[in-house]
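Undergrad: Hey, dropping query.csv in here, CSV, C-alpha atoms:
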chain,number,residue,atom,x,y,z
A,24,MET,CA,0.0,0.0,0.0
A,25,ARG,CA,2.9,2.4,0.9
A,26,ILE,CA,4.5,1.7,-2.5
A,27,PHE,CA,1.3,2.4,-4.3
A,28,LEU,CA,0.7,5.7,-2.3
A,29,LEU,CA,4.3,6.8,-2.9
A,30,SER,CA,4.0,6.0,-6.6
A,31,PHE,CA,0.7,7.9,-6.8
A,32,LEU,CA,2.1,11.0,-5.0
A,33,THR,CA,5.2,11.0,-7.3
A,34,SER,CA,3.1,10.8,-10.4
A,35,ALA,CA,0.8,13.6,-9.1
A,36,PHE,CA,3.8,15.8,-8.4
A,37,LEU,CA,5.4,15.2,-11.9
A,38,PHE,CA,2.0,15.9,-13.6
A,39,SER,CA,1.7,19.1,-11.6
A,40,ALA,CA,5.2,20.2,-12.5
A,41,THR,CA,4.6,19.4,-16.2
A,42,ALA,CA,1.3,21.2,-16.2
A,43,GLN,CA,3.0,24.3,-14.6
A,44,THR,CA,5.8,24.3,-17.2
A,45,HIS,CA,3.2,23.8,-19.9
A,46,LYS,CA,1.3,26.9,-18.8
A,47,SER,CA,4.4,29.0,-18.1
A,48,THR,CA,5.5,29.1,-21.8
A,49,ALA,CA,4.2,31.6,-24.3
A,50,LEU,CA,4.6,32.0,-28.1
A,51,ILE,CA,5.5,35.4,-29.4
A,52,LEU,CA,5.0,35.8,-33.1
A,53,ILE,CA,6.9,39.0,-34.2
A,54,ASP,CA,5.9,41.1,-37.2
A,55,ILE,CA,4.6,38.4,-39.5
A,56,GLN,CA,2.9,41.0,-41.6
A,57,ASP,CA,1.7,41.4,-45.2
A,58,PHE,CA,4.4,44.0,-46.2
A,59,TYR,CA,7.1,41.4,-45.8
A,60,PHE,CA,5.6,39.0,-48.3
A,61,SER,CA,5.6,39.1,-52.1
A,62,GLY,CA,4.5,42.5,-53.5
A,63,GLY,CA,4.9,44.1,-50.1
A,64,ALA,CA,6.9,47.3,-49.3
A,65,VAL,CA,9.7,45.4,-47.7
A,66,GLU,CA,9.9,41.9,-49.3
A,67,LEU,CA,12.0,39.4,-47.5
A,68,ASP,CA,13.8,36.3,-48.7
A,69,GLU,CA,11.5,33.3,-48.5
A,70,PRO,CA,8.8,34.8,-46.2
A,71,GLN,CA,6.2,32.3,-47.3
A,72,LYS,CA,8.4,29.4,-46.2
A,73,ALA,CA,9.0,31.0,-42.8
A,74,GLY,CA,5.4,31.9,-42.5
A,75,GLU,CA,4.3,28.3,-43.1
A,76,GLN,CA,6.7,27.1,-40.3
A,77,ALA,CA,5.3,29.8,-38.0
A,78,LYS,CA,1.8,28.6,-38.9
A,79,GLN,CA,2.7,25.1,-37.7
A,80,LEU,CA,4.3,26.4,-34.5
A,81,LEU,CA,1.1,28.5,-33.8
A,82,ALA,CA,-1.1,25.4,-34.4
A,83,HIS,CA,1.0,23.5,-31.8
A,84,PHE,CA,0.6,26.2,-29.2
A,85,ARG,CA,-3.2,26.5,-29.9
A,86,LYS,CA,-3.6,22.7,-29.7
A,87,ASN,CA,-1.8,22.6,-26.4
A,88,ASP,CA,-3.7,25.6,-25.0
A,89,ARG,CA,-0.7,27.8,-24.5
A,90,LEU,CA,-0.6,31.5,-24.4
A,91,VAL,CA,-0.1,33.2,-27.9
A,92,ILE,CA,0.9,36.8,-28.5
A,93,HIS,CA,1.0,38.5,-31.9
A,94,VAL,CA,3.3,41.5,-32.3
A,95,ARG,CA,2.7,43.9,-35.2
A,96,HIS,CA,4.7,46.9,-36.3
A,97,ASN,CA,2.6,50.0,-36.9
A,98,PHE,CA,3.4,50.3,-40.6
A,99,GLN,CA,1.3,50.9,-43.7
A,100,PRO,CA,0.6,49.8,-46.3
A,101,GLY,CA,0.5,46.1,-45.6
A,102,GLY,CA,0.5,46.3,-41.8
A,103,ASP,CA,-2.0,43.5,-41.3
A,104,ILE,CA,-0.9,40.3,-39.7
A,105,HIS,CA,-0.5,37.8,-42.5
A,106,ASN,CA,-3.3,35.2,-43.0
A,107,LEU,CA,-0.9,32.3,-42.3
A,108,VAL,CA,-0.9,33.3,-38.6
A,109,LYS,CA,-4.0,35.4,-38.3
A,110,PRO,CA,-5.0,35.9,-34.6
A,111,ILE,CA,-8.1,34.3,-33.2
A,112,GLU,CA,-10.3,35.6,-30.5
A,113,GLY,CA,-8.5,35.6,-27.1
A,114,GLU,CA,-5.0,36.0,-28.5
A,115,LYS,CA,-3.2,39.1,-27.5
A,116,ILE,CA,-2.1,41.6,-30.2
A,117,ILE,CA,0.7,44.0,-29.3
A,118,SER,CA,1.1,47.0,-31.7
A,119,LYS,CA,4.5,48.7,-31.6
A,120,ASP,CA,6.4,51.6,-33.0
A,121,GLU,CA,9.9,50.4,-31.9
A,122,VAL,CA,12.1,47.6,-33.1
A,123,ASN,CA,12.0,46.0,-29.6
A,124,ALA,CA,8.5,44.6,-28.9
A,125,PHE,CA,8.9,45.3,-25.2
A,126,LEU,CA,9.7,49.0,-25.5
A,127,ASN,CA,6.7,51.2,-24.9
A,128,THR,CA,4.2,48.3,-24.9
A,129,ASP,CA,2.5,46.2,-22.3
A,130,LEU,CA,4.2,43.0,-23.4
A,131,ASN,CA,6.3,42.5,-20.3
A,132,ASN,CA,3.3,43.2,-18.0
A,133,TYR,CA,1.1,40.8,-20.0
A,134,LEU,CA,3.6,38.0,-19.7
A,135,LYS,CA,4.0,38.6,-15.9
A,136,GLU,CA,0.2,38.7,-15.4
A,137,ASN,CA,0.1,35.3,-17.0
A,138,ASN,CA,3.0,33.9,-15.0
A,139,ILE,CA,5.1,33.3,-18.1
A,140,GLU,CA,8.7,32.2,-17.5
A,141,GLU,CA,9.7,31.0,-20.9
A,142,VAL,CA,9.0,32.5,-24.4
A,143,VAL,CA,9.3,30.9,-27.8
A,144,LEU,CA,9.9,33.5,-30.5
A,145,CYS,CA,9.7,33.6,-34.3
A,146,GLY,CA,9.1,36.2,-36.9
A,147,MET,CA,10.4,38.9,-39.2
A,148,GLN,CA,13.0,40.3,-39.6
A,149,THR,CA,15.5,37.9,-38.0
A,150,HIS,CA,18.2,40.6,-37.7
A,151,MET,CA,15.9,43.4,-36.4
A,152,CYS,CA,12.7,42.9,-34.5
A,153,LEU,CA,13.1,39.2,-33.8
A,154,GLU,CA,16.7,39.8,-32.5
A,155,ALA,CA,15.6,42.8,-30.4
A,156,GLY,CA,12.7,41.0,-28.9
A,157,THR,CA,14.8,38.0,-28.0
A,158,ARG,CA,17.5,40.0,-26.4
A,159,ALA,CA,15.0,42.1,-24.4
A,160,ALA,CA,13.2,39.0,-23.2
A,161,HIS,CA,16.4,37.5,-22.1
A,162,ASP,CA,17.4,40.7,-20.3
A,163,LEU,CA,14.0,40.7,-18.5
A,164,GLY,CA,14.7,37.2,-17.2
A,165,TYR,CA,12.7,35.0,-19.5
A,166,LYS,CA,14.1,31.7,-20.8
A,167,CYS,CA,14.1,32.1,-24.6
A,168,THR,CA,13.8,29.7,-27.5
A,169,VAL,CA,14.0,30.9,-31.1
A,170,VAL,CA,12.5,28.7,-33.8
A,171,GLU,CA,15.0,29.6,-36.6
A,172,ASP,CA,13.2,28.3,-39.6
A,173,ALA,CA,10.0,30.2,-38.7
A,174,CYS,CA,12.0,33.5,-39.2
A,175,ALA,CA,13.0,35.4,-42.3
A,176,THR,CA,15.1,38.4,-43.3
A,177,ARG,CA,16.6,40.1,-46.4
A,178,ASP,CA,19.8,41.2,-48.0
A,179,LEU,CA,21.6,44.0,-46.3
A,180,THR,CA,23.8,46.6,-47.8
A,181,PHE,CA,26.5,48.7,-46.1
A,182,SER,CA,28.5,51.0,-48.3
A,183,GLU,CA,29.3,48.9,-51.4
A,184,ASN,CA,29.0,45.6,-49.5
A,185,THR,CA,25.9,43.5,-49.8
A,186,VAL,CA,25.3,40.6,-47.3
A,187,PRO,CA,23.0,37.9,-48.6
A,188,ALA,CA,19.8,37.3,-46.6
A,189,LYS,CA,20.9,33.7,-45.7
A,190,GLN,CA,24.2,35.0,-44.2
A,191,VAL,CA,22.3,37.8,-42.3
A,192,HIS,CA,19.9,35.2,-41.0
A,193,TYR,CA,22.5,32.7,-39.8
A,194,SER,CA,24.9,35.3,-38.4
A,195,THR,CA,22.1,36.8,-36.3
A,196,LEU,CA,21.1,33.3,-35.1
A,197,ALA,CA,24.7,32.6,-34.2
A,198,THR,CA,24.7,35.7,-32.0
A,199,LEU,CA,21.3,34.9,-30.5
A,200,LYS,CA,22.7,31.5,-29.2
A,201,ASN,CA,24.1,33.6,-26.4
A,202,TYR,CA,20.6,34.7,-25.3
A,203,ALA,CA,18.4,31.8,-26.4
A,204,LYS,CA,18.1,28.2,-27.4
A,205,VAL,CA,18.0,28.2,-31.2
A,206,VAL,CA,16.2,25.3,-32.8
A,207,SER,CA,14.4,24.2,-35.9
A,208,LEU,CA,10.6,23.7,-35.9
A,209,GLU,CA,11.2,19.9,-36.1
A,210,GLU,CA,13.5,19.9,-33.1
A,211,PHE,CA,11.0,22.1,-31.1
A,212,LEU,CA,8.1,19.8,-31.8
A,213,LYS,CA,9.9,16.6,-30.7
The structure given in the file should be rewritten as structure tokens.
TA:
Amino acid sequence: MRIFLLSFLTSAFLFSATAQTHKSTALILIDIQDFYFSGGAVELDEPQKAGEQAKQLLAHFRKNDRLVIHVRHNFQPGGDIHNLVKPIEGEKIISKDEVNAFLNTDLNNYLKENNIEEVVLCGMQTHMCLEAGTRAAHDLGYKCTVVEDACATRDLTFSENTVPAKQVHYSTLATLKNYAKVVSLEEFLK
């Protein structure tokens, strides 16, 4: 009887700890907006591919009843959140004017109100708003995970030098490994 009771209590504790971890993680989708897609004002390299990955990540969070936050930059034309990751009722939408999604918004307060300890981030552009949001989340004490293939960016030019989008993307992710766990969607879903 004691062994059964001990086994039951251990199982109950592990379930409770798992449920707590489950509920203490939020998804932050950053700037997956129309203007980054084909025909938009700031077309990125392979935004459709990244958007499809973000859609799968979003479906995973919805299926598991985890907190979802959509961040959108106040920019027109094309400022709507893309149809691939369109918010549904009950999902928080943060509108921002800064690169950093935490700056001059209620994002940090919203995470704290919901007892969030870990954030999973993806979005556009990798080297700008995704990077700034990840660094800020880390600095505010959140455990961070970036889903790298649910992010996209573009070629950058400085003086006469052009850095291809793929190199911009991977160099940013290499830096972000100091602030976050960087994984593919496949790795995250395992």
Undergrad: Please determine, counting all atoms listed in the file, which residue among A:Ala82, A:Leu50, A:Leu179, A:Leu208 has the shortest atom-to-atom distance to Glu140 of chain A.
TA: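 Checking each candidate against Glu140 of chain A, we get A:Leu50 as the closest.
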Undergrad: Please list as an mmCIF file with C-alpha atoms, in the frame of the given file every residue within 9 Å of segment 159-171 of chain A, counting only C-alpha atoms and excluding residues in the same chain fewer than 3 positions away.
TA:
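Ended up saving to part.cif:
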data_model
loop_
_atom_site.group_PDB
_atom_site.id
_atom_site.type_symbol
_atom_site.label_atom_id
_atom_site.label_comp_id
_atom_site.auth_asym_id
_atom_site.auth_seq_id
_atom_site.Cartn_x
_atom_site.Cartn_y
_atom_site.Cartn_z
ATOM 1 C CA ALA A 73 9.000 31.000 -42.800
ATOM 2 C CA GLN A 76 6.700 27.100 -40.300
ATOM 3 C CA ALA A 77 5.300 29.800 -38.000
ATOM 4 C CA LEU A 80 4.300 26.400 -34.500
ATOM 5 C CA ASN A 123 12.000 46.000 -29.600
ATOM 6 C CA ALA A 124 8.500 44.600 -28.900
ATOM 7 C CA PHE A 125 8.900 45.300 -25.200
ATOM 8 C CA LEU A 126 9.700 49.000 -25.500
ATOM 9 C CA ASN A 131 6.300 42.500 -20.300
ATOM 10 C CA ILE A 139 5.100 33.300 -18.100
ATOM 11 C CA GLU A 140 8.700 32.200 -17.500
ATOM 12 C CA GLU A 141 9.700 31.000 -20.900
ATOM 13 C CA VAL A 142 9.000 32.500 -24.400
ATOM 14 C CA VAL A 143 9.300 30.900 -27.800
ATOM 15 C CA LEU A 144 9.900 33.500 -30.500
ATOM 16 C CA CYS A 145 9.700 33.600 -34.300
ATOM 17 C CA GLY A 146 9.100 36.200 -36.900
ATOM 18 C CA THR A 149 15.500 37.900 -38.000
ATOM 19 C CA LEU A 153 13.100 39.200 -33.800
ATOM 20 C CA GLU A 154 16.700 39.800 -32.500
ATOM 21 C CA ALA A 155 15.600 42.800 -30.400
ATOM 22 C CA GLY A 156 12.700 41.000 -28.900
ATOM 23 C CA CYS A 174 12.000 33.500 -39.200
ATOM 24 C CA ALA A 175 13.000 35.400 -42.300
ATOM 25 C CA HIS A 192 19.900 35.200 -41.000
ATOM 26 C CA TYR A 193 22.500 32.700 -39.800
ATOM 27 C CA LEU A 196 21.100 33.300 -35.100
ATOM 28 C CA LEU A 199 21.300 34.900 -30.500
ATOM 29 C CA LYS A 200 22.700 31.500 -29.200
ATOM 30 C CA TYR A 202 20.600 34.700 -25.300
ATOM 31 C CA ALA A 203 18.400 31.800 -26.400
ATOM 32 C CA LYS A 204 18.100 28.200 -27.400
ATOM 33 C CA VAL A 205 18.000 28.200 -31.200
ATOM 34 C CA VAL A 206 16.200 25.300 -32.800
ATOM 35 C CA SER A 207 14.400 24.200 -35.900
ATOM 36 C CA LEU A 208 10.600 23.700 -35.900
ATOM 37 C CA GLU A 210 13.500 19.900 -33.100
ATOM 38 C CA PHE A 211 11.000 22.100 -31.100
#
Undergrad: Between A:Arg158, A:Lys115, A:Lys86, A:His150, single out the one closest to Lys189 of chain A, counting all atoms listed in the file.
TA: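 Ranked by minimum distance to Lys189 of chain A, first place goes to A:His150.
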Undergrad: For atom CA of His105 of chain A and atom CA of His93 of chain A, determine how far apart the two atoms are, in Å to one decimal place.
TA: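 If I compute the distance from atom CA of His105 of chain A to atom CA of His93 of chain A, I get 10.7 Å.
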Undergrad: Residues near Asn137 of chain A, anyone? I mean within 8 Å using all atoms listed in the file, not counting same-chain ones fewer than 3 positions away, as a ChimeraX atom specification.
TA: /A:47,133-134
Undergrad: Rounded to one decimal place, report the atom CA of Met151 of chain A-atom CA of Glu121 of chain A distance in Å.
TA: 10.3 Å
Undergrad: Would you work out the distance separating atom CA of Val108 of chain A from atom CA of Lys213 of chain A, expressed in Å to one decimal?
TA: 21.4 Å
Undergrad: Quick one: of A:Leu212, A:Gln190, A:Lys119, A:Arg95, who's nearest to Leu81 of chain A, counting only C-alpha atoms?
TA: A:Leu212
Undergrad: Tell me which of A:Met147, A:Val94, A:Ile104, A:Leu130 sits closest to Ala173 of chain A, counting only C-alpha atoms.
TA: A:Met147
Undergrad: With distances taken over all atoms listed in the file, which of A:Asp68, A:Asp57, A:Asp129, A:Glu183 is nearest to Ile92 of chain A?
TA: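 The shortest atom-to-atom distance to Ile92 of chain A comes from A:Asp129.
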Undergrad: Looking at A:Thr180, A:Gln99, A:Thr198, A:Asn106, which one is nearest to Thr157 of chain A, with distances taken over all atoms listed in the file?
TA: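 Smallest separation from Thr157 of chain A among the options: A:Thr198.
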Undergrad: Can you pull out the residues contacting Val91 of chain A? Cut-off 9 Å, using only C-alpha atoms, and skip same-chain residues under 4 positions away; I want them as number ranges by chain.
TA: A: 49-52, 81, 84-85, 110, 113-116
Undergrad: Could segment 107-165 of chain A be written out with C-alpha atoms, as an mmCIF file, in the first residue's frame, please?
TA:
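Result file is out.cif:
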data_model
loop_
_atom_site.group_PDB
_atom_site.id
_atom_site.type_symbol
_atom_site.label_atom_id
_atom_site.label_comp_id
_atom_site.auth_asym_id
_atom_site.auth_seq_id
_atom_site.Cartn_x
_atom_site.Cartn_y
_atom_site.Cartn_z
ATOM 1 C CA LEU A 107 -0.943 32.333 -42.278
ATOM 2 C CA VAL A 108 -0.854 33.334 -38.606
ATOM 3 C CA LYS A 109 -4.015 35.414 -38.278
ATOM 4 C CA PRO A 110 -4.963 35.920 -34.609
ATOM 5 C CA ILE A 111 -8.093 34.312 -33.241
ATOM 6 C CA GLU A 112 -10.317 35.569 -30.462
ATOM 7 C CA GLY A 113 -8.538 35.635 -27.124
ATOM 8 C CA GLU A 114 -5.010 35.970 -28.530
ATOM 9 C CA LYS A 115 -3.214 39.129 -27.474
ATOM 10 C CA ILE A 116 -2.100 41.586 -30.168
ATOM 11 C CA ILE A 117 0.677 44.043 -29.345
ATOM 12 C CA SER A 118 1.110 47.032 -31.665
ATOM 13 C CA LYS A 119 4.494 48.716 -31.562
ATOM 14 C CA ASP A 120 6.431 51.616 -33.040
ATOM 15 C CA GLU A 121 9.878 50.440 -31.939
ATOM 16 C CA VAL A 122 12.137 47.580 -33.077
ATOM 17 C CA ASN A 123 11.997 46.026 -29.578
ATOM 18 C CA ALA A 124 8.507 44.596 -28.891
ATOM 19 C CA PHE A 125 8.926 45.266 -25.154
ATOM 20 C CA LEU A 126 9.722 48.975 -25.534
ATOM 21 C CA ASN A 127 6.727 51.244 -24.886
ATOM 22 C CA THR A 128 4.242 48.328 -24.950
ATOM 23 C CA ASP A 129 2.486 46.234 -22.302
ATOM 24 C CA LEU A 130 4.170 42.985 -23.437
ATOM 25 C CA ASN A 131 6.257 42.452 -20.290
ATOM 26 C CA ASN A 132 3.303 43.217 -18.004
ATOM 27 C CA TYR A 133 1.085 40.826 -19.964
ATOM 28 C CA LEU A 134 3.649 38.026 -19.662
ATOM 29 C CA LYS A 135 4.014 38.633 -15.923
ATOM 30 C CA GLU A 136 0.218 38.735 -15.403
ATOM 31 C CA ASN A 137 0.056 35.295 -17.040
ATOM 32 C CA ASN A 138 2.958 33.869 -14.992
ATOM 33 C CA ILE A 139 5.077 33.269 -18.080
ATOM 34 C CA GLU A 140 8.663 32.184 -17.465
ATOM 35 C CA GLU A 141 9.668 31.005 -20.931
ATOM 36 C CA VAL A 142 9.018 32.514 -24.356
ATOM 37 C CA VAL A 143 9.265 30.909 -27.772
ATOM 38 C CA LEU A 144 9.889 33.475 -30.489
ATOM 39 C CA CYS A 145 9.748 33.553 -34.265
ATOM 40 C CA GLY A 146 9.101 36.187 -36.891
ATOM 41 C CA MET A 147 10.401 38.865 -39.153
ATOM 42 C CA GLN A 148 12.982 40.284 -39.647
ATOM 43 C CA THR A 149 15.493 37.942 -38.025
ATOM 44 C CA HIS A 150 18.187 40.611 -37.708
ATOM 45 C CA MET A 151 15.891 43.362 -36.429
ATOM 46 C CA CYS A 152 12.668 42.871 -34.477
ATOM 47 C CA LEU A 153 13.137 39.163 -33.780
ATOM 48 C CA GLU A 154 16.652 39.767 -32.488
ATOM 49 C CA ALA A 155 15.647 42.822 -30.430
ATOM 50 C CA GLY A 156 12.678 41.002 -28.892
ATOM 51 C CA THR A 157 14.784 37.984 -27.993
ATOM 52 C CA ARG A 158 17.537 40.020 -26.368
ATOM 53 C CA ALA A 159 15.004 42.087 -24.427
ATOM 54 C CA ALA A 160 13.152 38.969 -23.230
ATOM 55 C CA HIS A 161 16.439 37.473 -22.067
ATOM 56 C CA ASP A 162 17.424 40.678 -20.271
ATOM 57 C CA LEU A 163 14.039 40.700 -18.521
ATOM 58 C CA GLY A 164 14.713 37.214 -17.173
ATOM 59 C CA TYR A 165 12.717 35.003 -19.523
#
